[in-house]
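J.: This is the content of protein27.cif (mmCIF, C-alpha atoms and all ligand atoms):
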data_upload
loop_
_atom_site.group_PDB
_atom_site.id
_atom_site.type_symbol
_atom_site.label_atom_id
_atom_site.label_comp_id
_atom_site.auth_asym_id
_atom_site.auth_seq_id
_atom_site.Cartn_x
_atom_site.Cartn_y
_atom_site.Cartn_z
ATOM 1 C CA MET A 9 29.282 -69.487 67.105
ATOM 2 C CA ARG A 10 25.956 -68.849 65.430
ATOM 3 C CA VAL A 11 25.180 -70.764 62.237
ATOM 4 C CA TYR A 12 22.736 -69.232 59.739
ATOM 5 C CA THR A 13 21.370 -71.275 56.886
ATOM 6 C CA THR A 14 18.781 -68.730 55.756
ATOM 7 C CA ILE A 15 19.094 -65.095 54.727
ATOM 8 C CA ALA A 16 16.138 -64.028 56.888
ATOM 9 C CA HIS A 17 17.751 -65.512 59.971
ATOM 10 C CA TYR A 18 21.118 -63.889 59.199
ATOM 11 C CA GLN A 19 19.415 -60.515 58.707
ATOM 12 C CA LYS A 20 18.143 -60.582 62.289
ATOM 13 C CA TYR A 21 21.734 -61.062 63.440
ATOM 14 C CA LEU A 22 22.855 -58.191 61.196
ATOM 15 C CA ILE A 23 20.267 -55.850 62.726
ATOM 16 C CA ARG A 24 21.521 -56.708 66.233
ATOM 17 C CA VAL A 25 25.175 -56.117 65.230
ATOM 18 C CA ARG A 26 24.334 -52.807 63.574
ATOM 19 C CA ALA A 27 22.305 -51.662 66.588
ATOM 20 C CA LYS A 28 25.470 -52.069 68.661
ATOM 21 C CA LYS A 29 27.387 -50.093 65.995
ATOM 22 C CA GLN A 30 29.784 -53.003 65.572
ATOM 23 C CA THR A 31 31.814 -53.643 62.430
ATOM 24 C CA ILE A 32 31.915 -56.863 60.427
ATOM 25 C CA ALA A 33 34.854 -58.455 58.643
ATOM 26 C CA PHE A 34 33.814 -61.171 56.207
ATOM 27 C CA VAL A 35 35.751 -64.174 54.909
ATOM 28 C CA PRO A 36 33.947 -66.071 52.132
ATOM 29 C CA THR A 37 35.098 -69.685 51.640
ATOM 30 C CA MET A 38 34.079 -72.938 50.038
ATOM 31 C CA GLY A 39 34.887 -74.875 53.204
ATOM 32 C CA ALA A 40 37.399 -77.720 53.590
ATOM 33 C CA LEU A 41 39.151 -75.237 55.825
ATOM 34 C CA HIS A 42 42.911 -75.306 56.189
ATOM 35 C CA VAL A 43 45.569 -73.169 57.855
ATOM 36 C CA GLY A 44 45.419 -70.654 54.978
ATOM 37 C CA HIS A 45 41.724 -69.969 55.586
ATOM 38 C CA LEU A 46 42.220 -69.753 59.342
ATOM 39 C CA GLU A 47 44.946 -67.126 58.944
ATOM 40 C CA LEU A 48 42.497 -64.964 56.968
ATOM 41 C CA MET A 49 40.013 -65.291 59.817
ATOM 42 C CA LYS A 50 42.593 -64.357 62.463
ATOM 43 C CA HIS A 51 43.444 -61.311 60.369
ATOM 44 C CA ALA A 52 39.702 -60.519 60.230
ATOM 45 C CA GLN A 53 39.485 -60.711 64.026
ATOM 46 C CA SER A 54 42.167 -58.028 64.303
ATOM 47 C CA LEU A 55 40.275 -55.671 61.986
ATOM 48 C CA ALA A 56 36.628 -55.695 63.090
ATOM 49 C CA ASP A 57 34.306 -56.314 66.039
ATOM 50 C CA ARG A 58 32.678 -59.374 64.438
ATOM 51 C CA VAL A 59 33.920 -61.999 62.016
ATOM 52 C CA VAL A 60 31.444 -63.634 59.669
ATOM 53 C CA VAL A 61 32.565 -66.604 57.570
ATOM 54 C CA SER A 62 30.582 -68.199 54.771
ATOM 55 C CA ILE A 63 30.883 -71.742 53.503
ATOM 56 C CA PHE A 64 29.254 -72.245 50.133
ATOM 57 C CA VAL A 65 30.530 -74.549 47.392
ATOM 58 C CA ASN A 66 29.370 -72.348 44.569
ATOM 59 C CA PRO A 67 28.187 -74.444 41.609
ATOM 60 C CA THR A 68 28.258 -71.519 39.157
ATOM 61 C CA GLN A 69 32.045 -71.109 39.354
ATOM 62 C CA PHE A 70 32.907 -74.731 38.512
ATOM 63 C CA ASN A 71 33.347 -75.146 34.785
ATOM 64 C CA ASP A 72 34.221 -78.825 35.342
ATOM 65 C CA PRO A 73 31.292 -80.800 36.869
ATOM 66 C CA GLU A 74 33.698 -83.495 38.125
ATOM 67 C CA ASP A 75 35.689 -80.873 40.062
ATOM 68 C CA LEU A 76 32.428 -79.784 41.746
ATOM 69 C CA THR A 77 31.485 -83.359 42.684
ATOM 70 C CA LYS A 78 34.968 -84.103 43.999
ATOM 71 C CA TYR A 79 35.200 -80.896 46.037
ATOM 72 C CA PRO A 80 35.708 -81.942 49.702
ATOM 73 C CA ARG A 81 32.899 -81.039 52.157
ATOM 74 C CA PRO A 82 34.038 -81.874 55.718
ATOM 75 C CA LEU A 83 31.390 -79.657 57.342
ATOM 76 C CA ALA A 84 31.525 -80.958 60.943
ATOM 77 C CA LYS A 85 35.314 -80.509 61.039
ATOM 78 C CA ASP A 86 34.998 -77.013 59.526
ATOM 79 C CA ILE A 87 32.439 -75.942 62.127
ATOM 80 C CA HIS A 88 34.683 -77.257 64.892
ATOM 81 C CA LEU A 89 37.667 -75.254 63.552
ATOM 82 C CA LEU A 90 35.593 -72.061 63.305
ATOM 83 C CA GLU A 91 34.315 -72.528 66.845
ATOM 84 C CA GLN A 92 37.821 -73.103 68.187
ATOM 85 C CA LEU A 93 38.980 -69.918 66.510
ATOM 86 C CA GLY A 94 36.135 -67.871 67.968
ATOM 87 C CA VAL A 95 34.470 -66.868 64.691
ATOM 88 C CA ASN A 96 31.193 -65.112 65.552
ATOM 89 C CA ALA A 97 28.892 -66.282 62.781
ATOM 90 C CA LEU A 98 28.840 -68.821 59.966
ATOM 91 C CA PHE A 99 26.627 -68.213 56.948
ATOM 92 C CA LEU A 100 25.904 -71.604 55.439
ATOM 93 C CA PRO A 101 23.321 -71.112 52.718
ATOM 94 C CA THR A 102 21.724 -73.645 50.405
ATOM 95 C CA VAL A 103 21.865 -73.215 46.625
ATOM 96 C CA ASN A 104 18.184 -72.204 46.680
ATOM 97 C CA GLN A 105 18.860 -69.453 49.225
ATOM 98 C CA MET A 106 21.698 -68.107 47.122
ATOM 99 C CA TYR A 107 20.086 -68.453 43.718
ATOM 100 C CA PRO A 108 16.287 -68.220 43.937
ATOM 101 C CA LYS A 109 14.747 -68.646 40.499
ATOM 102 C CA ASP A 110 12.799 -65.378 40.592
ATOM 103 C CA LEU A 111 15.796 -63.070 41.228
ATOM 104 C CA ASP A 112 17.908 -61.362 38.581
ATOM 105 C CA LEU A 113 21.411 -61.938 39.916
ATOM 106 C CA SER A 114 23.363 -60.378 37.065
ATOM 107 C CA VAL A 115 25.993 -57.890 38.212
ATOM 108 C CA PRO A 116 26.274 -54.630 36.207
ATOM 109 C CA VAL A 117 30.069 -54.550 35.787
ATOM 110 C CA GLN A 118 32.502 -54.664 32.872
ATOM 111 C CA LEU A 119 35.143 -57.170 33.843
ATOM 112 C CA ASP A 120 36.001 -58.908 30.564
ATOM 113 C CA ALA A 121 39.582 -57.607 30.508
ATOM 114 C CA TRP A 122 40.154 -59.188 33.938
ATOM 115 C CA ALA A 123 38.003 -62.277 33.533
ATOM 116 C CA THR A 124 39.227 -63.631 30.204
ATOM 117 C CA VAL A 125 42.991 -63.921 30.848
ATOM 118 C CA MET A 126 44.949 -66.577 32.799
ATOM 119 C CA GLU A 127 42.420 -68.491 34.972
ATOM 120 C CA GLY A 128 39.594 -67.112 32.864
ATOM 121 C CA ALA A 129 41.139 -68.404 29.638
ATOM 122 C CA TYR A 130 41.395 -71.943 31.037
ATOM 123 C CA ARG A 131 38.216 -71.958 33.109
ATOM 124 C CA PRO A 132 35.553 -70.371 30.879
ATOM 125 C CA GLY A 133 32.689 -68.935 32.916
ATOM 126 C CA HIS A 134 34.577 -69.329 36.190
ATOM 127 C CA PHE A 135 34.839 -65.631 37.014
ATOM 128 C CA GLU A 136 31.254 -64.872 35.987
ATOM 129 C CA GLY A 137 30.339 -67.384 38.700
ATOM 130 C CA VAL A 138 32.779 -65.864 41.196
ATOM 131 C CA VAL A 139 31.525 -62.319 40.613
ATOM 132 C CA MET A 140 27.909 -63.434 40.934
ATOM 133 C CA VAL A 141 28.466 -65.329 44.192
ATOM 134 C CA VAL A 142 30.674 -62.706 45.862
ATOM 135 C CA HIS A 143 28.270 -59.924 44.889
ATOM 136 C CA ARG A 144 25.340 -61.908 46.264
ATOM 137 C CA LEU A 145 27.214 -62.746 49.486
ATOM 138 C CA LEU A 146 28.234 -59.112 50.016
ATOM 139 C CA ASP A 147 24.634 -58.042 49.474
ATOM 140 C CA ILE A 148 23.474 -60.485 52.163
ATOM 141 C CA VAL A 149 26.322 -60.295 54.698
ATOM 142 C CA ARG A 150 26.859 -56.503 54.379
ATOM 143 C CA PRO A 151 30.418 -56.432 55.743
ATOM 144 C CA ASP A 152 32.575 -53.370 56.338
ATOM 145 C CA ILE A 153 35.689 -55.335 55.432
ATOM 146 C CA LEU A 154 36.125 -58.203 52.992
ATOM 147 C CA ILE A 155 39.197 -60.414 53.337
ATOM 148 C CA MET A 156 40.449 -62.441 50.404
ATOM 149 C CA GLY A 157 43.637 -64.407 49.829
ATOM 150 C CA GLN A 158 46.443 -63.307 47.564
ATOM 151 C CA LYS A 159 46.609 -67.019 46.676
ATOM 152 C CA ASP A 160 43.701 -66.386 44.278
ATOM 153 C CA PHE A 161 45.330 -63.216 43.037
ATOM 154 C CA GLN A 162 43.233 -62.843 39.886
ATOM 155 C CA GLN A 163 40.015 -63.424 41.844
ATOM 156 C CA LYS A 164 41.010 -60.798 44.410
ATOM 157 C CA THR A 165 41.902 -58.277 41.679
ATOM 158 C CA LEU A 166 38.617 -58.904 39.876
ATOM 159 C CA ILE A 167 36.592 -58.404 43.066
ATOM 160 C CA ALA A 168 38.553 -55.214 43.831
ATOM 161 C CA GLU A 169 37.552 -53.979 40.379
ATOM 162 C CA MET A 170 33.917 -54.985 40.947
ATOM 163 C CA ILE A 171 33.881 -53.055 44.247
ATOM 164 C CA ARG A 172 35.433 -50.059 42.468
ATOM 165 C CA GLN A 173 32.988 -50.088 39.564
ATOM 166 C CA LEU A 174 29.932 -50.516 41.795
ATOM 167 C CA LYS A 175 31.287 -48.053 44.400
ATOM 168 C CA LEU A 176 30.474 -50.506 47.186
ATOM 169 C CA PRO A 177 31.266 -49.190 50.697
ATOM 170 C CA ILE A 178 33.498 -52.153 51.480
ATOM 171 C CA LYS A 179 37.227 -52.250 52.184
ATOM 172 C CA LEU A 180 38.947 -55.190 50.514
ATOM 173 C CA ILE A 181 41.985 -56.542 52.325
ATOM 174 C CA ALA A 182 44.280 -59.031 50.600
ATOM 175 C CA HIS A 183 45.947 -61.539 52.898
ATOM 176 C CA PRO A 184 49.387 -62.863 51.846
ATOM 177 C CA ILE A 185 49.671 -66.462 50.656
ATOM 178 C CA VAL A 186 49.933 -68.916 53.548
ATOM 179 C CA ARG A 187 52.291 -71.797 52.788
ATOM 180 C CA GLU A 188 53.102 -75.268 54.053
ATOM 181 C CA SER A 189 56.606 -75.784 55.511
ATOM 182 C CA ASP A 190 58.015 -76.775 52.101
ATOM 183 C CA GLY A 191 56.614 -73.633 50.450
ATOM 184 C CA LEU A 192 53.575 -75.149 48.729
ATOM 185 C CA ALA A 193 50.591 -72.796 49.091
ATOM 186 C CA PHE A 194 47.901 -74.314 51.340
ATOM 187 C CA SER A 195 44.973 -75.469 49.222
ATOM 188 C CA SER A 196 41.984 -77.745 49.714
ATOM 189 C CA ARG A 197 43.289 -79.605 46.673
ATOM 190 C CA ASN A 198 46.692 -80.477 48.220
ATOM 191 C CA VAL A 199 45.259 -83.573 49.940
ATOM 192 C CA ARG A 200 44.612 -85.019 46.476
ATOM 193 C CA ILE A 201 48.270 -84.806 45.407
ATOM 194 C CA ASP A 202 49.762 -88.287 45.032
ATOM 195 C CA PRO A 203 52.235 -88.611 47.970
ATOM 196 C CA SER A 204 54.923 -89.859 45.587
ATOM 197 C CA ARG A 205 54.686 -86.556 43.696
ATOM 198 C CA ARG A 206 54.435 -84.251 46.699
ATOM 199 C CA SER A 207 58.080 -83.167 46.456
ATOM 200 C CA ASP A 208 57.630 -82.268 42.743
ATOM 201 C CA ALA A 209 54.784 -79.908 43.684
ATOM 202 C CA VAL A 210 57.266 -77.467 45.211
ATOM 203 C CA ALA A 211 58.720 -76.724 41.741
ATOM 204 C CA LEU A 212 55.871 -74.312 41.073
ATOM 205 C CA ARG A 213 56.982 -72.200 44.018
ATOM 206 C CA SER A 214 60.687 -72.600 43.136
ATOM 207 C CA ALA A 215 60.020 -71.240 39.640
ATOM 208 C CA LEU A 216 58.197 -68.208 41.062
ATOM 209 C CA LEU A 217 61.025 -67.499 43.504
ATOM 210 C CA LEU A 218 63.559 -67.727 40.700
ATOM 211 C CA ALA A 219 61.438 -65.231 38.750
ATOM 212 C CA LYS A 220 61.612 -62.833 41.676
ATOM 213 C CA LYS A 221 65.397 -63.221 41.982
ATOM 214 C CA SER A 222 65.906 -62.597 38.275
ATOM 215 C CA ILE A 223 64.079 -59.322 37.674
ATOM 216 C CA SER A 224 67.192 -57.149 37.765
ATOM 217 C CA THR A 225 69.105 -59.347 35.318
ATOM 218 C CA HIS A 226 66.485 -60.816 32.956
ATOM 219 C CA SER A 227 63.585 -59.642 30.786
ATOM 220 C CA PRO A 228 60.031 -60.869 31.479
ATOM 221 C CA ASP A 229 60.229 -63.166 28.430
ATOM 222 C CA GLN A 230 63.547 -64.685 29.515
ATOM 223 C CA ILE A 231 62.130 -65.359 32.972
ATOM 224 C CA LYS A 232 58.979 -66.912 31.564
ATOM 225 C CA GLU A 233 61.046 -69.279 29.401
ATOM 226 C CA LYS A 234 63.212 -70.409 32.344
ATOM 227 C CA CYS A 235 60.254 -70.895 34.663
ATOM 228 C CA ILE A 236 58.252 -72.845 32.103
ATOM 229 C CA HIS A 237 61.197 -75.283 31.847
ATOM 230 C CA ILE A 238 61.502 -75.714 35.625
ATOM 231 C CA ILE A 239 57.792 -76.432 35.971
ATOM 232 C CA ALA A 240 57.717 -78.858 33.038
ATOM 233 C CA ASP A 241 60.869 -80.663 34.264
ATOM 234 C CA ALA A 242 59.150 -81.413 37.581
ATOM 235 C CA GLY A 243 56.442 -83.303 35.658
ATOM 236 C CA PHE A 244 53.746 -80.644 35.695
ATOM 237 C CA ARG A 245 51.455 -80.060 32.725
ATOM 238 C CA LEU A 246 51.576 -76.276 32.554
ATOM 239 C CA GLU A 247 48.484 -74.257 31.655
ATOM 240 C CA TYR A 248 49.991 -70.796 31.891
ATOM 241 C CA PHE A 249 52.903 -68.887 33.307
ATOM 242 C CA ASP A 250 52.590 -65.157 32.903
ATOM 243 C CA ILE A 251 53.957 -61.922 34.322
ATOM 244 C CA VAL A 252 51.243 -59.273 34.582
ATOM 245 C CA ASP A 253 50.509 -55.833 35.994
ATOM 246 C CA HIS A 254 48.939 -56.220 39.454
ATOM 247 C CA GLN A 255 45.906 -54.068 38.642
ATOM 248 C CA THR A 256 45.125 -54.454 34.954
ATOM 249 C CA LEU A 257 46.323 -58.093 34.752
ATOM 250 C CA ARG A 258 47.848 -57.193 31.362
ATOM 251 C CA SER A 259 50.827 -59.306 30.391
ATOM 252 C CA ILE A 260 53.994 -57.210 30.460
ATOM 253 C CA GLN A 261 56.739 -57.199 27.833
ATOM 254 C CA SER A 262 59.182 -54.967 29.722
ATOM 255 C CA TRP A 263 59.678 -54.024 33.389
ATOM 256 C CA GLN A 264 58.781 -50.444 32.410
ATOM 257 C CA ASP A 265 55.212 -51.618 31.699
ATOM 258 C CA THR A 266 54.337 -51.867 35.409
ATOM 259 C CA GLU A 267 55.285 -50.758 38.898
ATOM 260 C CA THR A 268 54.145 -54.015 40.411
ATOM 261 C CA PRO A 269 54.699 -57.124 38.300
ATOM 262 C CA VAL A 270 53.108 -60.362 39.473
ATOM 263 C CA ALA A 271 54.155 -63.779 38.168
ATOM 264 C CA CYS A 272 51.216 -66.195 38.022
ATOM 265 C CA ALA A 273 51.141 -69.889 37.215
ATOM 266 C CA ALA A 274 48.640 -72.738 36.928
ATOM 267 C CA ALA A 275 49.661 -76.316 36.285
ATOM 268 C CA TRP A 276 48.441 -79.881 36.691
ATOM 269 C CA LEU A 277 50.372 -82.381 38.771
ATOM 270 C CA GLY A 278 48.699 -85.657 37.844
ATOM 271 C CA GLU A 279 45.002 -85.110 38.501
ATOM 272 C CA VAL A 280 45.432 -82.013 40.652
ATOM 273 C CA ARG A 281 45.417 -78.457 39.363
ATOM 274 C CA LEU A 282 47.581 -76.067 41.377
ATOM 275 C CA ILE A 283 47.907 -72.291 41.149
ATOM 276 C CA ASP A 284 50.426 -69.960 42.704
ATOM 277 C CA ASN A 285 51.786 -66.438 42.241
ATOM 278 C CA GLU A 286 54.464 -64.087 43.472
ATOM 279 C CA ILE A 287 54.657 -60.289 43.563
ATOM 280 C CA LEU A 288 58.041 -59.719 41.925
ATOM 281 C CA SER A 289 58.729 -56.176 43.069
ATOM 282 C CA GLU A 290 58.544 -56.555 46.865
HETATM 283 P P1 LIG B 1 38.332 -71.027 48.906
HETATM 284 O O1 LIG B 1 37.658 -71.748 50.016
HETATM 285 O O2 LIG B 1 39.350 -71.849 48.187
HETATM 286 O O3 LIG B 1 37.355 -70.337 47.993
HETATM 287 O O4 LIG B 1 39.174 -69.870 49.597
HETATM 288 C C1 LIG B 1 38.583 -68.919 50.437
HETATM 289 C C2 LIG B 1 39.527 -67.766 50.620
HETATM 290 O O5 LIG B 1 40.725 -68.231 51.224
HETATM 291 C C3 LIG B 1 39.944 -67.100 49.286
HETATM 292 O O6 LIG B 1 39.980 -65.688 49.458
HETATM 293 C C4 LIG B 1 41.312 -67.674 49.042
HETATM 294 O O7 LIG B 1 42.149 -66.840 48.272
HETATM 295 C C5 LIG B 1 41.831 -67.790 50.467
HETATM 296 N N1 LIG B 1 42.914 -68.776 50.556
HETATM 297 C C6 LIG B 1 42.858 -70.084 50.234
HETATM 298 N N2 LIG B 1 44.066 -70.655 50.404
HETATM 299 C C7 LIG B 1 44.902 -69.676 50.821
HETATM 300 C C8 LIG B 1 46.286 -69.625 51.145
HETATM 301 N N3 LIG B 1 47.063 -70.704 51.069
HETATM 302 N N4 LIG B 1 46.806 -68.441 51.519
HETATM 303 C C9 LIG B 1 46.028 -67.323 51.581
HETATM 304 N N5 LIG B 1 44.726 -67.312 51.284
HETATM 305 C C10 LIG B 1 44.171 -68.459 50.906
#
Produce structure tokens that represent the structure in this file.
Ligand code: AMP

T.:
Amino acid sequence: MRVYTTIAHYQKYLIRVRAKKQTIAFVPTMGALHVGHLELMKHAQSLADRVVVSIFVNPTQFNDPEDLTKYPRPLAKDIHLLEQLGVNALFLPTVNQMYPKDLDLSVPVQLDAWATVMEGAYRPGHFEGVVMVVHRLLDIVRPDILIMGQKDFQQKTLIAEMIRQLKLPIKLIAHPIVRESDGLAFSSRNVRIDPSRRSDAVALRSALLLAKKSISTHSPDQIKEKCIHIIADAGFRLEYFDIVDHQTLRSIQSWQDTETPVACAAAWLGEVRLIDNEILSE
């Protein structure tokens, strides 16, 4: 696998790939790779000639400085996993490469309606950072296909909207949530869950599954109330539980409001913030 730490160096690779008329599928990550990330990369391998992965712990999307400092960075292990998988190239930029002081990196999109609800309401500035970094990465990596996880459903929806508004020639593919054997969504944060509370963590998933089971018999509000109880009873401190339209992210009051309702939740278990979601109509 080739590792590129500068844009200039990566661009030489890009020219070679383009000369061979090969396609690129791109998986942006913040490292600390787990099975969930690797599944996205395997999916990428089935869709394009080359798979490019980036590892960049993006400072502009962390609204909590402590979260940024605590973010795990096991780079040697990550590189080993990528090599084992047969990923073609790793883009591993520095903050200075990504955000040079003399560049205007603002992105001309209107995403407030997507960026201010749910995650955006609890993590002010988070999505401005996400949009800036993904836009910058796409501009450098120039993929044909971008693969993102349904685990970060709001992020994926926001990036889909950015691609739509900017008319970027990139196909966004959402990969389903990859879960541990007990149903907890794989996350770099799971290693920080206190082992004595690990079994409580599954309640987030249980609540979402109950929501899915209940759509023919209960209203969105009734489901929200039940799920909020389940999550709180397991000892979580809930931030939000909402049922939204999959595209607009608007909270729904009745099942008639959307063709594809998605239940989304974020909650703290001790010191660890977990998010999860479920498409209710599948
Ligand atoms: P991150 O490194 O957390 O920024 O994640 C990089 C990409 O992997 C994002 O598109 C995430 O949505 C995706 N991802 C992370 N965990 C999972 C998971 N458990 N299932 C599916 N996709 C995931």

J.: Which residues are close to A:Ser207, i.e. within 12 Å by only C-alpha atoms, leaving aside same-chain residues fewer than 6 positions away? Reply as a count of residues only.

T.: 12

J.: Any chance you could tabulate, as a Markdown table, the residues of chain A at most 9 Å from ligand LIG 1 (chain B) with each one's nearest atom pair and distance in Å to one decimal, using only C-alpha atoms and all ligand atoms, in chain and rising number order?

T.:
| residue | atom | partner | partner_atom | distance |
| --- | --- | --- | --- | --- |
| A:Val35 | CA | B:LIG1 | C2 | 6.7 |
| A:Pro36 | CA | B:LIG1 | C1 | 5.7 |
| A:Thr37 | CA | B:LIG1 | O1 | 3.7 |
| A:Met38 | CA | B:LIG1 | O1 | 3.8 |
| A:Gly39 | CA | B:LIG1 | O1 | 5.3 |
| A:Ala40 | CA | B:LIG1 | O1 | 7.0 |
| A:Leu41 | CA | B:LIG1 | O1 | 6.9 |
| A:His42 | CA | B:LIG1 | N2 | 7.5 |
| A:Val43 | CA | B:LIG1 | N3 | 7.4 |
| A:Gly44 | CA | B:LIG1 | C8 | 4.1 |
| A:His45 | CA | B:LIG1 | O5 | 4.8 |
| A:Leu46 | CA | B:LIG1 | O5 | 8.4 |
| A:Glu47 | CA | B:LIG1 | C9 | 7.4 |
| A:Leu48 | CA | B:LIG1 | N5 | 6.5 |
| A:Ile63 | CA | B:LIG1 | O1 | 7.6 |
| A:Phe64 | CA | B:LIG1 | O1 | 8.4 |
| A:Val65 | CA | B:LIG1 | O3 | 8.0 |
| A:Asn66 | CA | B:LIG1 | O3 | 8.9 |
| A:Ile155 | CA | B:LIG1 | O6 | 6.6 |
| A:Met156 | CA | B:LIG1 | O6 | 3.4 |
| A:Gly157 | CA | B:LIG1 | O7 | 3.2 |
| A:Gln158 | CA | B:LIG1 | O7 | 5.6 |
| A:Lys159 | CA | B:LIG1 | O7 | 4.7 |
| A:Asp160 | CA | B:LIG1 | O7 | 4.3 |
| A:Phe161 | CA | B:LIG1 | O7 | 7.1 |
| A:Gln163 | CA | B:LIG1 | O7 | 7.6 |
| A:Lys164 | CA | B:LIG1 | O6 | 7.1 |
| A:Ala182 | CA | B:LIG1 | O6 | 8.0 |
| A:His183 | CA | B:LIG1 | C9 | 5.9 |
| A:Pro184 | CA | B:LIG1 | C9 | 5.6 |
| A:Ile185 | CA | B:LIG1 | N4 | 3.6 |
| A:Val186 | CA | B:LIG1 | N4 | 3.8 |
| A:Arg187 | CA | B:LIG1 | N3 | 5.6 |
| A:Glu188 | CA | B:LIG1 | N3 | 8.1 |
| A:Leu192 | CA | B:LIG1 | N3 | 8.2 |
| A:Ala193 | CA | B:LIG1 | N3 | 4.6 |
| A:Phe194 | CA | B:LIG1 | N3 | 3.7 |
| A:Ser195 | CA | B:LIG1 | N2 | 5.0 |
| A:Ser196 | CA | B:LIG1 | O2 | 6.6 |
| A:Arg197 | CA | B:LIG1 | O2 | 8.8 |

J.: What is the atom CA of A:Thr124-atom CA of A:Leu76 distance in Å, reported with one decimal?

T.: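 So the two atoms, atom CA of A:Thr124 and atom CA of A:Leu76, lie 21.0 Å apart.
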
J.: Box for stretch 136-150 of chain A - axis-aligned, 5 Å on each of the six sides, all listed atoms - centre and size in Å to one decimal, as lines of an AutoDock Vina configuration file.

T.:
center_x = 28.1
center_y = -61.9
center_z = 45.3
size_x = 19.3
size_y = 20.9
size_z = 28.7

J.: When you count all atoms listed in the file, which of these residues is closest to A:Asp202: A:Pro67, A:Gly137, A:Leu98, A:Glu279?

T.: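 With all atoms listed in the file as the atom set, the closest residue is A:Glu279.
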
J.: Add whatever atoms are absent from stretch 211-216 of chain A to reach all heavy atoms, and provide the output as a short mmCIF file (atom, residue, chain, number, x, y, z; two decimals), keeping the file's coordinate frame.

T.:
data_model
loop_
_atom_site.label_atom_id
_atom_site.label_comp_id
_atom_site.auth_asym_id
_atom_site.auth_seq_id
_atom_site.Cartn_x
_atom_site.Cartn_y
_atom_site.Cartn_z
N ALA A 211 58.07 -77.37 42.90
CA ALA A 211 58.72 -76.72 41.74
C ALA A 211 57.97 -75.47 41.28
O ALA A 211 58.57 -74.53 40.77
CB ALA A 211 58.84 -77.71 40.59
N LEU A 212 56.67 -75.47 41.49
CA LEU A 212 55.87 -74.31 41.07
C LEU A 212 56.35 -73.08 41.85
O LEU A 212 56.58 -72.01 41.29
CB LEU A 212 54.40 -74.60 41.38
CG LEU A 212 53.34 -73.82 40.65
CD1 LEU A 212 53.46 -73.99 39.15
CD2 LEU A 212 51.94 -74.27 41.10
N ARG A 213 56.51 -73.27 43.13
CA ARG A 213 56.98 -72.20 44.02
C ARG A 213 58.44 -71.84 43.69
O ARG A 213 58.80 -70.66 43.64
CB ARG A 213 56.86 -72.70 45.46
CG ARG A 213 57.60 -71.89 46.49
CD ARG A 213 56.81 -70.69 46.88
NE ARG A 213 57.38 -70.02 48.03
CZ ARG A 213 57.40 -68.70 48.16
NH1 ARG A 213 56.89 -67.95 47.21
NH2 ARG A 213 57.89 -68.16 49.22
N SER A 214 59.27 -72.86 43.44
CA SER A 214 60.69 -72.60 43.14
C SER A 214 60.79 -71.72 41.89
O SER A 214 61.61 -70.80 41.84
CB SER A 214 61.46 -73.89 42.89
OG SER A 214 61.18 -74.81 43.89
N ALA A 215 59.97 -72.02 40.88
CA ALA A 215 60.02 -71.24 39.64
C ALA A 215 59.66 -69.78 39.93
O ALA A 215 60.32 -68.86 39.44
CB ALA A 215 59.06 -71.84 38.62
N LEU A 216 58.63 -69.58 40.76
CA LEU A 216 58.20 -68.21 41.06
C LEU A 216 59.27 -67.45 41.85
O LEU A 216 59.49 -66.26 41.63
CB LEU A 216 56.88 -68.24 41.83
CG LEU A 216 55.67 -68.69 40.99
CD1 LEU A 216 54.51 -69.10 41.89
CD2 LEU A 216 55.23 -67.58 40.05
#
